[in-house]
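Let me begin by presenting the structure, written as structure tokens, before commenting on it.
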Amino acid sequence: MPLELSSCTYSYRPWSAPVLSSLDYSLAPGLTILLGPNGAGKSTLLRLAAAVTYPRTGTVTYEGTCSRSRAYRASVGWMPQQITAMAGLTAREQVAYSGWLKGMNKREAWDSAAQALSRVDLLPQADIRTKQLSGGQLRRVGVASALVHGVRVLLLDEPTAGLDPRQRRVFRDVLASFADDVHVLLSTHDVTDLAEECDQVTVLDAGRIVFTGETHDFLGHAPAGTTPGRLAEAAYSALSDTDAYL
Ligand SMILES: Nc1ncnc2c1ncn2[C@@H]1O[C@H](COP(=O)(O)OP(=O)(O)OP(=O)(O)O)[C@@H](O)[C@H]1O
């Protein structure tokens, strides 16, 4: 398995109760959506996988390299929930700046920024200041910034929250084009979001993985007789014992 969390325990303070406890998780190839109610630990799991923070006990590895290593960080890209439009910078400059922060030289970062913007279908907006982009376009700048250094794994924290249906569709199309060469783990509160396009579903509840597997198996948890359009929502409710839209 490419990215693995093994026996990971994490608490935000040494004295506070763990948010994740002895968690084992392997990210499967393709596009995986990470579901779970507020406070389940989705962002925490993504932050551990992104090497933004480290487990108190246990290990996070990518193809055997530890999350504390430079090689690990070179392989993994992370997009946080909030993307900031940097004052005065164009989309290409903002993405190139991320590449430079990841250790690329200026020329490399500048060239890679154009490629990354092309991957998220934003090359025509490359010279527009990020402050002037729409919310959906800014999220795609966030994705481009996360993958600019040639990552193999992309971790996205609620990238579609607050987007209108058209922007969500654009975002879905962009992600679908990645699945062949980049493994994607994406958290979302919208159960129906990407349910059709994704390869795998993981459900986290109170820091525990209550389901991880293929989308088809996930949908199989919907009670018999569920109408086709509500399968994902019903499966999620059955697995997490939580109202999908709370
Ligand atoms: N910086 C922090 N300091 C202390 N506790 C935190 C911090 N960030 C998160 N937590 C706590 O960790 C738990 C898990 O939070 P996390 O943000 O990982 O959940 P989540 O599933 O992403 O939630 P949401 O869907 O609301 O974003 C929650 O109880 C939360 O209050």
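So you can find residues: chains in the structure tokens are A, B, ... in the order shown, residues in each start at 1, and ligands are numbered from 1 in order.
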Close residues, stretch 42-56 of chain A itself excluded, 6 Å, only C-alpha atoms, min 5 positions apart in chain, as a short mmCIF file (atom, residue, chain, number, x, y, z; two decimals) with N, CA and C atoms, in the first residue's frame:
```
data_model
loop_
_atom_site.label_atom_id
_atom_site.label_comp_id
_atom_site.auth_asym_id
_atom_site.auth_seq_id
_atom_site.Cartn_x
_atom_site.Cartn_y
_atom_site.Cartn_z
N CYS A 8 -1.59 4.56 14.80
CA CYS A 8 -1.39 5.99 15.09
C CYS A 8 -2.32 6.49 16.19
N THR A 9 -1.71 7.09 17.18
CA THR A 9 -2.48 7.77 18.23
C THR A 9 -2.09 9.24 18.18
N TYR A 10 -3.11 10.09 18.26
CA TYR A 10 -2.82 11.52 18.19
C TYR A 10 -3.75 12.29 19.12
N SER A 67 6.99 9.72 7.49
CA SER A 67 6.45 11.06 7.24
C SER A 67 7.36 12.18 7.73
N TRP A 78 -0.89 18.55 0.17
CA TRP A 78 -2.02 18.76 1.06
C TRP A 78 -2.68 20.09 0.77
#
```
Select the residues contacting ligand 1 at a distance of at most 8 Å, based on only C-alpha atoms and all ligand atoms, then format the selection as a list in words.
Ser11, Tyr12, Arg13, Val19, Gly36, Pro37, Asn38, Gly39, Ala40, Gly41, Lys42, Ser43, Thr44, Leu45, Asp157, Glu158, Ser187, Thr188, His189, Leu204, Asp205, Ala206 and Gly207 of chain A
Mind pulling up the distance from atom CA of A:Tyr72 to atom CA of A:Asp173?
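Rounded to one decimal, the two atoms are 27.4 Å apart.
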Residues at most 9 Å from A:Val95, counting only C-alpha atoms, excluding those fewer than 2 positions away in the same chain, as a count of residues only?
21
Residues of stretch 10-234 of chain A in strand (DSSP E) according to DSSP, as a PyMOL selection string?
chain A and resi 10+20-27+31-35+57-62+65-66+76-79+153-157+183-187+200-205+208-214
With only C-alpha atoms as the atoms that count, which of A:Thr226, A:Gln115, A:Gln200, A:Thr130 lies nearest to A:Pro29?
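Among the listed residues, the smallest separation from A:Pro29 belongs to A:Gln200.
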Gap from atom CA of A:Asp181 to atom CA of A:Gly77 - Å, one decimal
13.5 Å
If we count only C-alpha atoms, what is near A:Thr215 at a cut-off of 8 Å, once residues fewer than 3 positions away on the same chain are taken out, given as a list in words?
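Everything that qualifies: Ala195, Glu196, Cys198, Asp199, Gln200, Val201, Phe218 and Leu219 of chain A.
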